[in-house]
Amino acid sequence: MTLNPPTQYADARNLRARQRLWLYQRPPFDIVGWVLDLAGLSPDLRVLDVGCGNGAYLRAMRDRHVRAVGCDLSVGMLQAASHPALLNADVVALPVRNASFGVVLAPHMLYHVPDRESAVRELRRVLVPGGVCIAVTNGAQHMRSLRDLVERAACEGTPGWEMRNPSTHAFSLENGAAQLAVAFESVTCVRPGRVAPVIIRDAAVAADYVASVADHYQDQVARPWQAVVADVRLAVQQVIEAEGTFITSSDTGAFVCR
Ligand SMILES: C[S@@+](CC[C@H](N)C(=O)[O-])C[C@H]1O[C@@H](n2cnc3c(N)ncnc32)[C@H](O)[C@@H]1O
């Protein structure tokens with residue numbers, strides 16, 4: 001499994017294609033707000049947002065008047081984040097003193113890190129005693145219906161191939177707690193009460209999502225990834241024509257670590 005191919009986050013285009021799909025959740029689900037509520041933010045707390053990407057959490061924290069520092073391995077993502085306090089660093093070696101932040105966020109990022117144990121220890125090290133770290137990831141059922149279509153298209157050249165996403169296999173809602181427990185005394189998995197489906201009426205939204213992960217999977221499948229994407233687009237279009245919409249669901253949650 002390729003955890004973090006170097007091209008994936010050279011800039012924000014791939015992440016934006018995936019973020020666009022989530023805009024079609026009905027009713028809309030504000031995952032950023034949900035995670036920030038779990039963290040129990042208040043303006044007197046300092047927050048470190050590790051793997052901040054293009055800054056969705058940083059923007060929401062600015063709106064809540066919370067002082068946050070963003071950190072990301074990719075300079076291109078930091079440019080897209082456009083925030084006054086940013087660090088270009090690897091989570092396994094944070095250039096931050098011990099016990100400096102009351103809240104540490106690691107949203108949808110730990111599954112990209114090969115040395116996850118060092119990463120988890122770093123998240124703990126920079127947290128003040130009594131602070132909280134929130135790590136967000138996905139579960140085994142994440143986008144199952146869309147992954148089924150990708151697998152069907154890819155299996156034409158690579159029989160039996162499974163779309164093993166880092167977020168549903170390497171560090172998932174099912175196996176993440178044990179990985180976090182190496183450094184945290186208490187780890188609680190929390191899932192949103194009601195999971196809103198993604199309801200798509202434009203096949204391009206699903207196709208763009210699949211295209212955005214080409215560099216994760218191209219070396220595992222025989223067919224060119226563009227051919228897989230074209231088949232997925234056609235299959236989604238057929239469902240839309242037959243049923244009016246194509247529906248897929250998120251299986252996302254968070255670990256609250258103390
Ligand atoms: C899926 S994006 C999530 C972005 C943001 N947290 C969000 O949820 O919108 C993963 C981010 O983690 C960053 N990343 C991957 N490996 C990292 C590492 N070892 N240290 C710091 N950031 C990393 C990537 O560059 C990318 O911006």
# chains A, B, ... in the order shown; residues from 1 in each chain; ligands from 1

call {"tool": "residues_around", "arguments": {"residues": "Phe184 (chain A)", "least_positions_apart": "5", "cutoff": "7 Å", "atoms": "only C-alpha atoms", "output": "tab-separated table (two decimals) with C-alpha atoms, in the first residue's frame"}}
result
chain	number	residue	atom	x	y	z
A	124	ARG	CA	1.59	13.22	22.74
A	257	CYS	CA	-6.96	10.80	23.02
A	258	ARG	CA	-5.80	11.97	26.45

call {"tool": "select_by_dssp", "arguments": {"residues": "region 55-152 of chain A", "states": "strand (DSSP E or B)", "output": "list in words"}}
result
Arg67, Ala68, Val69, Gly70, Cys71, Asp72, Leu86, Leu87, Asn88, Phe101, Gly102, Val103, Val104, Leu105, Ala106, Pro107, Leu127, Val128, Pro129, Gly130, Gly131, Val132, Cys133, Ile134, Ala135, Val136, Thr137 and Asn138 of chain A

call {"tool": "write_last_selection", "arguments": {"atoms": "C-alpha atoms", "output": "mmCIF file, in the first residue's frame"}}
result
data_model
loop_
_atom_site.group_PDB
_atom_site.id
_atom_site.type_symbol
_atom_site.label_atom_id
_atom_site.label_comp_id
_atom_site.auth_asym_id
_atom_site.auth_seq_id
_atom_site.Cartn_x
_atom_site.Cartn_y
_atom_site.Cartn_z
ATOM 1 C CA ARG A 67 -5.230 30.569 18.103
ATOM 2 C CA ALA A 68 -3.985 27.753 15.901
ATOM 3 C CA VAL A 69 -0.737 26.770 14.235
ATOM 4 C CA GLY A 70 -0.933 24.685 11.071
ATOM 5 C CA CYS A 71 1.717 22.113 10.213
ATOM 6 C CA ASP A 72 2.161 20.102 7.017
ATOM 7 C CA LEU A 86 2.389 27.667 9.674
ATOM 8 C CA LEU A 87 5.141 25.082 10.086
ATOM 9 C CA ASN A 88 6.575 22.973 7.294
ATOM 10 C CA PHE A 101 -0.435 22.927 22.898
ATOM 11 C CA GLY A 102 -3.713 22.345 24.756
ATOM 12 C CA VAL A 103 -5.272 20.706 21.695
ATOM 13 C CA VAL A 104 -3.551 18.773 18.927
ATOM 14 C CA LEU A 105 -5.506 17.821 15.804
ATOM 15 C CA ALA A 106 -4.461 15.108 13.336
ATOM 16 C CA PRO A 107 -7.401 15.041 10.910
ATOM 17 C CA LEU A 127 0.398 18.167 24.185
ATOM 18 C CA VAL A 128 0.108 19.785 27.634
ATOM 19 C CA PRO A 129 -0.788 17.421 30.505
ATOM 20 C CA GLY A 130 -4.577 17.229 30.550
ATOM 21 C CA GLY A 131 -4.778 18.263 26.886
ATOM 22 C CA VAL A 132 -6.646 16.446 24.144
ATOM 23 C CA CYS A 133 -5.533 15.087 20.789
ATOM 24 C CA ILE A 134 -8.150 14.302 18.114
ATOM 25 C CA ALA A 135 -7.157 11.928 15.302
ATOM 26 C CA VAL A 136 -9.687 11.600 12.480
ATOM 27 C CA THR A 137 -9.856 8.706 10.048
ATOM 28 C CA ASN A 138 -12.220 6.395 8.154
#

call {"tool": "closest_residue", "arguments": {"among": "A:Pro84, A:Pro6, A:Gly253, A:Gly40", "to": "Arg194 (chain A)", "atoms": "only C-alpha atoms"}}
result
A:Gly253

call {"tool": "atom_distance", "arguments": {"atom1": "CA of Arg59 (chain A)", "atom2": "CA of Val47 (chain A)"}}
result
12.7 Å

call {"tool": "residues_near_ligand", "arguments": {"ligand": "ligand 1", "cutoff": "6 Å", "atoms": "only C-alpha atoms and all ligand atoms", "output": "JSON list (two decimals) with C-alpha atoms, in the first residue's frame"}}
result
[["chain", "number", "residue", "atom", "x", "y", "z"],
["A", 9, "TYR", "CA", -0.06, 16.62, -2.04],
["A", 50, "VAL", "CA", -0.96, 18.60, 12.11],
["A", 51, "GLY", "CA", -1.37, 17.70, 8.43],
["A", 52, "CYS", "CA", -3.40, 20.88, 8.04],
["A", 53, "GLY", "CA", -3.65, 20.48, 4.26],
["A", 56, "ALA", "CA", -10.18, 23.79, 6.34],
["A", 72, "ASP", "CA", 2.16, 20.10, 7.02],
["A", 73, "LEU", "CA", 4.88, 18.13, 5.24],
["A", 74, "SER", "CA", 3.95, 19.74, 1.91],
["A", 77, "MET", "CA", -0.49, 22.49, 0.84],
["A", 89, "ALA", "CA", 7.41, 19.80, 9.20],
["A", 90, "ASP", "CA", 6.99, 16.05, 9.40],
["A", 91, "VAL", "CA", 4.73, 14.84, 12.21],
["A", 107, "PRO", "CA", -7.40, 15.04, 10.91],
["A", 108, "HIS", "CA", -7.23, 12.49, 8.10],
["A", 109, "MET", "CA", -3.45, 12.37, 8.11],
["A", 112, "HIS", "CA", -0.18, 8.69, 5.38],
["A", 113, "VAL", "CA", 2.70, 8.30, 7.83]]

call {"tool": "residues_around", "arguments": {"residues": "Asn175 (chain A)", "least_positions_apart": "5", "cutoff": "12 Å", "atoms": "only C-alpha atoms", "output": "list in words"}}
result
Tyr111, Thr137, Asn138, Gly139, Ala140, Pro166, Ser167, Thr168, His169, Ala170, Leu180, Ala181, Val187, Cys189 and Phe255 of chain A

call {"tool": "select_by_dssp", "arguments": {"residues": "region 102-252 of chain A", "states": "alpha helix (DSSP H)", "output": "JSON, numbers by chain"}}
result
{"A": [116, 117, 118, 119, 120, 121, 122, 123, 124, 125, 144, 145, 146, 147, 148, 149, 150, 151, 152, 153, 154, 166, 167, 168, 169, 176, 177, 178, 179, 180, 203, 204, 205, 206, 207, 208, 209, 210, 211, 214, 215, 216, 217, 225, 226, 227, 228, 229, 230, 231, 232, 233, 234, 235, 236, 237, 238, 239, 240, 241, 242, 243]}

call {"tool": "closest_residue", "arguments": {"among": "A:Val195, A:Leu15, A:Ile240, A:Val92", "to": "Pro114 (chain A)", "atoms": "only C-alpha atoms"}}
result
A:Val92

call {"tool": "residues_around", "arguments": {"residues": "Ser249 (chain A)", "least_positions_apart": "4", "cutoff": "12 Å", "atoms": "only C-alpha atoms", "output": "PyMOL selection string"}}
result
chain A and resi 21-22+24-26+29+138-147+194-200

call {"tool": "closest_residue", "arguments": {"among": "A:Ala81, A:Val213, A:Met61, A:Leu149", "to": "Asp231 (chain A)", "atoms": "only C-alpha atoms"}}
result
A:Leu149

call {"tool": "closest_residue", "arguments": {"among": "A:Ala10, A:Ala203, A:Val66, A:Leu173", "to": "Leu45 (chain A)", "atoms": "only C-alpha atoms"}}
result
A:Val66
